[in-house]
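Please read the structure below before turning to the comments.
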Amino acid sequence: MSFFPKISFQREVEEYLTQVFRNNELITALGTQEVESKYQSLLSHLSHPPAFTTVRVNTHLASVKHVKKLLFEEIQKQFKGLCVPVLEHPKLQDILLIPVIGPRRDLEKHASEVIVGAHCGYAVLRGAHVYVPGIISTSRFMKAGDLVSVYSDIEGKCKRGAKEFDGVKVFLGNGISELSRSEIFSSSGPLNGMGIRMIEPVFLSPSFDNLLPSHLFSQNLPSVVVSHILNPQPGERILDMCAAPGGKTTHLATLMRDQGEVIAMDKVANKVKKIKQNAELLQLNCIKAFCYDGTKALSVEKREDEQEGPPFLPESFDRILLDAPCSGMGQRPNMAYSLTLKEVTSYQPLQRKLFTVAVKLLKPRGVLVYSTCTITLSENEEQVAWALKTFPCLQLQPQEPHIGGEGMRGAGLSLDQLKLLQRFDPSAVMSQGMDINSLQDSREDDLISLANKDCIGFFIAKFIKSNSK
């Protein structure tokens with residue numbers, strides 16, 4: 001039984017998705033009943049957080065064993081002695097998995113309420129405390145030190161500074177207010193810093209605020225898989241085309257043992273700044289980040305200035321990661337998806353522009369990995385079908401590690417081609433939620449298997465370029 005309502009979409013988007021997940025290829029292969037069951041399961045899982053918190057160890061600075069020990073000790077402190085394991089993944093040997101306990105259905109709700117925005121609420125469900133900018137409303141007489149119940153305004157209907165809110169709100173757990181209402185909504189401007197310290201969240205996940213910052217990087221499990229599939233080697237020249245905030249960029253540099261060159265691009269200056277900050281924090285020197293539009297990164301003529309940044313000549317890179325801008329429908333938790341159908345369908349042409357540039361920038365025998373954090377066919381399997389038809393020089397390749405499911409039917413790809421793709425599909429999970437007793441009774445192999453399935457929705461395709469044409 002779901003704890004939260006299923007994710008909601010604007011009507012046109014819902015109709016669009018219904019057609020995608022009830023396409024004729026799927027119905028012919030699986031039958032109407034199973035197709036419908038999987039689709040409803042997907043909608044339900046998207047509104048809940050993944051069953052595990054995943055962190056990547058910066059193996060450039062420390063061993064996984066050492067960081068695992070430090071992390072276990074910190075989690076015991078945070079969880080007041082509750083024994084929650086820290087697991088190593090057998091196929092992703094630089095990540096640690098922490099089971100998420102919840103939903104906890106027996107929490108008592110307090111009279112004093114705090115309403116936060118949807119994005120702040122999603123962060124709370126994944127272990128964060130509430131920071132002042134995320135607070136939209138509080139009860140009239142809330143003081144510092146009060147016990148409060150925290151709710152998420154998932155539809156964005158609450159007015160800032162309201163003293164009460166009767167709209168659609170989702171209970172996230174209980175906390176202690178660090179500030180009074182008057183301090184939070186002070187006329188001298190918004191404060192930063194913590195507003196509510198969560199003490200009884202509905203989903204119990206560790207907080208990573210300033211926790212081993214140079215040793216750990218919070219990253220969803222499929223996002224770690226991507227870098228392993230690209231498999232960069234020391235001394236190579238790698239391009240991360242849409243790199244912010246730098247999780248995959250820094251992972252690629254780490255896998256290369258900081259030897260070679262990782263060029264990271266993003267067209268938003270503040271995001272490029274974040275990439276540079278992350279590279280510095282993790283002490284990685286082979287990363288060079290540039291504020292640049294990836295669709296314009298190909299130079300048709302040789303440049304005189306010998307500048308190391310974009311645009312680049314054709315066949316400049318050994319491997320390219322295109323983690324493309326996408327509709328983001330695989331992100332979890334998400335209870336109310338806000339994009340319009342026009343916005344959702346705008347990503348496919350942009351992805352194709354970026355992909356075309358990537359193919360031209362790739363050396364012969366070079367590897368191109370394409371990924372998204374969305375669930376549509378148009379941004380995933382349809383893009384693979386288009387790429388194979390448009391670029392005869394590209395061949396689909398097996399992926400290692402392959403721990404997600406195969407590609408989804410509906411784009412006209414063969415079964416053999418679908419098996420080469422990797423789609424992380426939360427609908428594959430049978431149950432929802434984990435309590436401390438069931439956790440302690442579970443075998444480690446079963447927990448790892450659950451972590452592989454109960455993550456964000458994600459898609460990966462790997463190509464090799466057979467010649468220079």
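Going through the structure tokens in order, the chains are called A, B, and so on, while each chain numbers its residues from 1 and the ligands are numbered from 1 in the order shown.
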Enumerate, in order of chain and increasing residue number, the residues of stretch 363-436 of chain A with an atom no farther than 8 Å from stretch 221-229 of chain A, each with its shortest atom pair and distance in Å to one decimal, counting only C-alpha atoms, as CSV.
residue,atom,partner,partner_atom,distance
A:Val369,CA,A:Ile229,CA,7.6
A:Ser371,CA,A:Val226,CA,7.5
A:Gln399,CA,A:Ile229,CA,5.9
A:Glu400,CA,A:Ile229,CA,5.6
A:Pro401,CA,A:Ile229,CA,6.7
A:Phe424,CA,A:Pro222,CA,7.3
Would you save the residues from that selection as a PDB file, in the first residue's frame, using N, CA, C and O atoms?
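The new file result.pdb reads:
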ATOM      1  N   VAL A 369      28.623   7.306 -24.554  1.00  0.00           N
ATOM      2  CA  VAL A 369      27.554   6.850 -23.664  1.00  0.00           C
ATOM      3  C   VAL A 369      26.510   7.953 -23.572  1.00  0.00           C
ATOM      4  O   VAL A 369      26.831   9.112 -23.296  1.00  0.00           O
ATOM      5  N   SER A 371      22.845   9.042 -21.793  1.00  0.00           N
ATOM      6  CA  SER A 371      21.998   8.703 -20.642  1.00  0.00           C
ATOM      7  C   SER A 371      21.014   9.825 -20.346  1.00  0.00           C
ATOM      8  O   SER A 371      21.240  10.986 -20.697  1.00  0.00           O
ATOM      9  N   GLN A 399      26.895  -3.414 -22.054  1.00  0.00           N
ATOM     10  CA  GLN A 399      27.249  -2.531 -20.937  1.00  0.00           C
ATOM     11  C   GLN A 399      27.725  -3.358 -19.749  1.00  0.00           C
ATOM     12  O   GLN A 399      27.147  -4.392 -19.429  1.00  0.00           O
ATOM     13  N   GLU A 400      28.780  -2.871 -19.137  1.00  0.00           N
ATOM     14  CA  GLU A 400      29.316  -3.532 -17.949  1.00  0.00           C
ATOM     15  C   GLU A 400      29.635  -2.480 -16.897  1.00  0.00           C
ATOM     16  O   GLU A 400      30.422  -1.575 -17.167  1.00  0.00           O
ATOM     17  N   PRO A 401      29.034  -2.499 -15.711  1.00  0.00           N
ATOM     18  CA  PRO A 401      28.081  -3.521 -15.253  1.00  0.00           C
ATOM     19  C   PRO A 401      26.679  -3.286 -15.827  1.00  0.00           C
ATOM     20  O   PRO A 401      26.305  -2.150 -16.110  1.00  0.00           O
ATOM     21  N   PHE A 424      16.625   1.602 -15.866  1.00  0.00           N
ATOM     22  CA  PHE A 424      16.308   1.413 -14.456  1.00  0.00           C
ATOM     23  C   PHE A 424      14.849   1.799 -14.260  1.00  0.00           C
ATOM     24  O   PHE A 424      14.463   2.950 -14.490  1.00  0.00           O
TER      25      PHE A 424
END
What residues in stretch 184-254 of chain A get the DSSP label strand (DSSP E or B)? Please answer as a PyMOL selection string. chain A and resi 194-201+204+216-218+237-240
Can you write out the residues you just picked, keeping C-alpha atoms, as a PDB file, in the first residue's frame?
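Printed below is selection.pdb as written:
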ATOM      1  CA  MET A 194      18.710  25.673   9.142  1.00  0.00           C
ATOM      2  CA  GLY A 195      15.088  26.433   9.932  1.00  0.00           C
ATOM      3  CA  ILE A 196      13.815  23.066  11.180  1.00  0.00           C
ATOM      4  CA  ARG A 197      15.990  20.250  12.483  1.00  0.00           C
ATOM      5  CA  MET A 198      14.197  17.034  11.558  1.00  0.00           C
ATOM      6  CA  ILE A 199      14.068  14.562  14.465  1.00  0.00           C
ATOM      7  CA  GLU A 200      11.275  12.202  13.294  1.00  0.00           C
ATOM      8  CA  PRO A 201      11.209  12.093   9.488  1.00  0.00           C
ATOM      9  CA  LEU A 204      14.746   7.875   8.002  1.00  0.00           C
ATOM     10  CA  LEU A 216      31.736  11.276  -0.135  1.00  0.00           C
ATOM     11  CA  PHE A 217      29.588  12.381  -3.053  1.00  0.00           C
ATOM     12  CA  SER A 218      25.822  11.777  -2.873  1.00  0.00           C
ATOM     13  CA  ARG A 237      40.877  12.773 -23.280  1.00  0.00           C
ATOM     14  CA  ILE A 238      37.256  12.639 -22.120  1.00  0.00           C
ATOM     15  CA  LEU A 239      34.340  15.012 -22.784  1.00  0.00           C
ATOM     16  CA  ASP A 240      31.409  15.379 -20.371  1.00  0.00           C
TER      17      ASP A 240
END
Find the spatial neighbours of stretch 415-419 of chain A, counting only C-alpha atoms, within a cut-off of 7 Å - ignore same-chain residues fewer than 6 positions away - and output them as a compact mmCIF listing (two decimals) with N, CA and C atoms, in the first residue's frame.
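Saved file around13.txt follows:
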# COMPACT_ATOMS: atom_id res chain seq x y z
N GLU A 406 16.42 -4.36 -19.21
CA GLU A 406 16.68 -4.07 -20.64
C GLU A 406 15.80 -2.91 -21.09
N GLY A 407 16.01 -2.47 -22.33
CA GLY A 407 15.23 -1.35 -22.87
C GLY A 407 13.76 -1.70 -23.00
N MET A 408 12.92 -0.67 -23.15
CA MET A 408 11.47 -0.86 -23.22
C MET A 408 11.01 -0.98 -24.67
Find the residues near stretch 373-386 of chain A: any atom within 9 Å, counting only C-alpha atoms, skip ones fewer than 5 places away on the same chain, and give them as a count of residues only. 39
Determine, using only C-alpha atoms, which residues of stretch 266-311 of chain A have any atom at most 12 Å from an atom of stretch 316-319 of chain A, and tabulate each with its shortest atom pair and distance in Å to one decimal place, rows ordered by chain and then rising number, as a Markdown table.
| residue | atom | partner | partner_atom | distance |
| --- | --- | --- | --- | --- |
| A:Ala297 | CA | A:Ser316 | CA | 11.1 |
| A:Leu298 | CA | A:Ser316 | CA | 9.6 |
| A:Ser299 | CA | A:Ser316 | CA | 10.4 |
| A:Lys302 | CA | A:Ser316 | CA | 11.8 |
| A:Glu308 | CA | A:Ser316 | CA | 11.3 |
| A:Gly309 | CA | A:Ser316 | CA | 11.6 |
| A:Pro310 | CA | A:Ser316 | CA | 10.8 |
| A:Pro311 | CA | A:Ser316 | CA | 10.4 |
Suppose we keep C-alpha atoms; can you now write the selection as a PDB file, in the first residue's frame?
ATOM      1  CA  ALA A 297      31.032  22.704 -29.361  1.00  0.00           C
ATOM      2  CA  LEU A 298      32.185  21.551 -32.835  1.00  0.00           C
ATOM      3  CA  SER A 299      34.698  23.744 -34.678  1.00  0.00           C
ATOM      4  CA  LYS A 302      41.528  24.773 -37.037  1.00  0.00           C
ATOM      5  CA  GLU A 308      42.236  24.411 -24.774  1.00  0.00           C
ATOM      6  CA  GLY A 309      38.508  25.089 -24.405  1.00  0.00           C
ATOM      7  CA  PRO A 310      35.565  24.712 -26.810  1.00  0.00           C
ATOM      8  CA  PRO A 311      34.782  24.640 -29.653  1.00  0.00           C
TER       9      PRO A 311
END
From the list A:Leu87, A:Thr372, A:Ser139, A:Leu282, the nearest residue to A:Leu447 using only C-alpha atoms is A:Leu87
Per DSSP on the backbone, filter stretch 263-374 of chain A down to the residues in alpha helix (DSSP H) and report them as a VMD selection string. chain A and resid 269 to 281 341 to 345 347 to 361
So the first atom is atom CA of A:Pro333 and the second is atom CA of A:Asn58; what is the distance between them in Å, to one decimal place? 25.9 Å
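Residues lying within 10 Å of A:Phe208, counting only C-alpha atoms and ignoring same-chain neighbours fewer than 6 positions away, are Val55, Leu71, Glu74, Ile75, Gly127, Ala128, His129, Leu216, Phe217 and Ser218 of chain A.
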Please dump the current selection as an mmCIF file, in the first residue's frame; keep N, CA and C atoms.
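Result file is selection_1.cif:
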data_model
loop_
_atom_site.group_PDB
_atom_site.id
_atom_site.type_symbol
_atom_site.label_atom_id
_atom_site.label_comp_id
_atom_site.auth_asym_id
_atom_site.auth_seq_id
_atom_site.Cartn_x
_atom_site.Cartn_y
_atom_site.Cartn_z
ATOM 1 N N VAL A 55 25.911 6.677 -1.808
ATOM 2 C CA VAL A 55 27.009 7.643 -1.820
ATOM 3 C C VAL A 55 28.226 7.024 -2.494
ATOM 4 N N LEU A 71 31.543 6.289 8.069
ATOM 5 C CA LEU A 71 30.133 6.542 7.768
ATOM 6 C C LEU A 71 29.225 5.755 8.712
ATOM 7 N N GLU A 74 29.069 7.487 12.011
ATOM 8 C CA GLU A 74 28.281 8.718 11.938
ATOM 9 C C GLU A 74 26.779 8.406 11.892
ATOM 10 N N ILE A 75 26.391 7.381 11.145
ATOM 11 C CA ILE A 75 24.970 7.027 11.038
ATOM 12 C C ILE A 75 24.434 6.544 12.380
ATOM 13 N N GLY A 127 16.571 12.762 3.475
ATOM 14 C CA GLY A 127 17.499 12.880 4.598
ATOM 15 C C GLY A 127 17.907 14.284 5.000
ATOM 16 N N ALA A 128 17.442 15.316 4.285
ATOM 17 C CA ALA A 128 17.873 16.683 4.592
ATOM 18 C C ALA A 128 17.065 17.274 5.742
ATOM 19 N N HIS A 129 17.660 18.260 6.419
ATOM 20 C CA HIS A 129 16.910 19.111 7.332
ATOM 21 C C HIS A 129 16.234 20.207 6.499
ATOM 22 N N LEU A 216 33.018 11.826 0.326
ATOM 23 C CA LEU A 216 31.736 11.276 -0.135
ATOM 24 C C LEU A 216 31.068 12.203 -1.131
ATOM 25 N N PHE A 217 30.390 11.606 -2.107
ATOM 26 C CA PHE A 217 29.588 12.381 -3.053
ATOM 27 C C PHE A 217 28.242 11.684 -3.165
ATOM 28 N N SER A 218 27.164 12.368 -2.773
ATOM 29 C CA SER A 218 25.822 11.777 -2.873
ATOM 30 C C SER A 218 25.438 11.668 -4.345
#
For A:Ala62: contacts at 12 Å, only C-alpha atoms, fewer than 2 positions along chain excluded, given as a list in words: Arg56, Val57, Asn58, Thr59, His60, Val64, Lys65, His66, Val67, Lys68, Lys69, Leu70, Asp94, Leu212, Ser214, His215, Leu216, Thr254, Leu282 and Gln283 of chain A
Could the residues in this selection be saved with N, CA and C atoms as an mmCIF file, in the first residue's frame?
data_model
loop_
_atom_site.group_PDB
_atom_site.id
_atom_site.type_symbol
_atom_site.label_atom_id
_atom_site.label_comp_id
_atom_site.auth_asym_id
_atom_site.auth_seq_id
_atom_site.Cartn_x
_atom_site.Cartn_y
_atom_site.Cartn_z
ATOM 1 N N ARG A 56 28.904 7.853 -3.281
ATOM 2 C CA ARG A 56 30.119 7.390 -3.947
ATOM 3 C C ARG A 56 31.336 7.829 -3.144
ATOM 4 N N VAL A 57 32.236 6.896 -2.923
ATOM 5 C CA VAL A 57 33.464 7.194 -2.180
ATOM 6 C C VAL A 57 34.488 7.802 -3.134
ATOM 7 N N ASN A 58 35.119 8.877 -2.709
ATOM 8 C CA ASN A 58 36.199 9.476 -3.497
ATOM 9 C C ASN A 58 37.457 8.631 -3.296
ATOM 10 N N THR A 59 37.609 7.598 -4.108
ATOM 11 C CA THR A 59 38.730 6.655 -3.945
ATOM 12 C C THR A 59 40.071 7.298 -4.299
ATOM 13 N N HIS A 60 40.036 8.506 -4.827
ATOM 14 C CA HIS A 60 41.267 9.264 -5.078
ATOM 15 C C HIS A 60 41.941 9.642 -3.753
ATOM 16 N N VAL A 64 37.529 2.604 0.304
ATOM 17 C CA VAL A 64 36.115 2.368 0.597
ATOM 18 C C VAL A 64 35.952 1.833 2.029
ATOM 19 N N LYS A 65 36.827 0.929 2.438
ATOM 20 C CA LYS A 65 36.738 0.335 3.788
ATOM 21 C C LYS A 65 36.844 1.415 4.868
ATOM 22 N N HIS A 66 37.796 2.338 4.687
ATOM 23 C CA HIS A 66 38.007 3.400 5.680
ATOM 24 C C HIS A 66 36.782 4.304 5.776
ATOM 25 N N VAL A 67 36.261 4.706 4.615
ATOM 26 C CA VAL A 67 35.105 5.608 4.600
ATOM 27 C C VAL A 67 33.862 4.892 5.125
ATOM 28 N N LYS A 68 33.740 3.617 4.805
ATOM 29 C CA LYS A 68 32.603 2.828 5.296
ATOM 30 C C LYS A 68 32.567 2.834 6.823
ATOM 31 N N LYS A 69 33.719 2.667 7.444
ATOM 32 C CA LYS A 69 33.803 2.653 8.909
ATOM 33 C C LYS A 69 33.379 4.008 9.493
ATOM 34 N N LEU A 70 33.916 5.092 8.906
ATOM 35 C CA LEU A 70 33.569 6.436 9.380
ATOM 36 C C LEU A 70 32.077 6.716 9.200
ATOM 37 N N ASP A 94 32.887 1.340 -5.712
ATOM 38 C CA ASP A 94 33.194 2.637 -5.108
ATOM 39 C C ASP A 94 31.951 3.289 -4.504
ATOM 40 N N LEU A 212 31.901 14.311 5.924
ATOM 41 C CA LEU A 212 33.010 13.790 5.107
ATOM 42 C C LEU A 212 32.975 14.381 3.691
ATOM 43 N N SER A 214 34.953 15.785 1.513
ATOM 44 C CA SER A 214 35.933 15.475 0.467
ATOM 45 C C SER A 214 36.020 13.971 0.183
ATOM 46 N N HIS A 215 35.329 13.167 0.994
ATOM 47 C CA HIS A 215 35.394 11.712 0.832
ATOM 48 C C HIS A 215 34.127 11.101 0.230
ATOM 49 N N LEU A 216 33.018 11.826 0.326
ATOM 50 C CA LEU A 216 31.736 11.276 -0.135
ATOM 51 C C LEU A 216 31.068 12.203 -1.131
ATOM 52 N N THR A 254 38.177 10.371 -11.258
ATOM 53 C CA THR A 254 38.631 9.422 -10.241
ATOM 54 C C THR A 254 38.952 8.061 -10.862
ATOM 55 N N LEU A 282 37.206 17.614 -4.058
ATOM 56 C CA LEU A 282 37.623 16.213 -4.159
ATOM 57 C C LEU A 282 39.089 16.074 -4.586
ATOM 58 N N GLN A 283 39.764 17.218 -4.741
ATOM 59 C CA GLN A 283 41.204 17.278 -5.044
ATOM 60 C C GLN A 283 41.557 16.554 -6.359
#
The distance between atom CA of A:Glu261 and atom CA of A:Leu321 is 13.4 Å
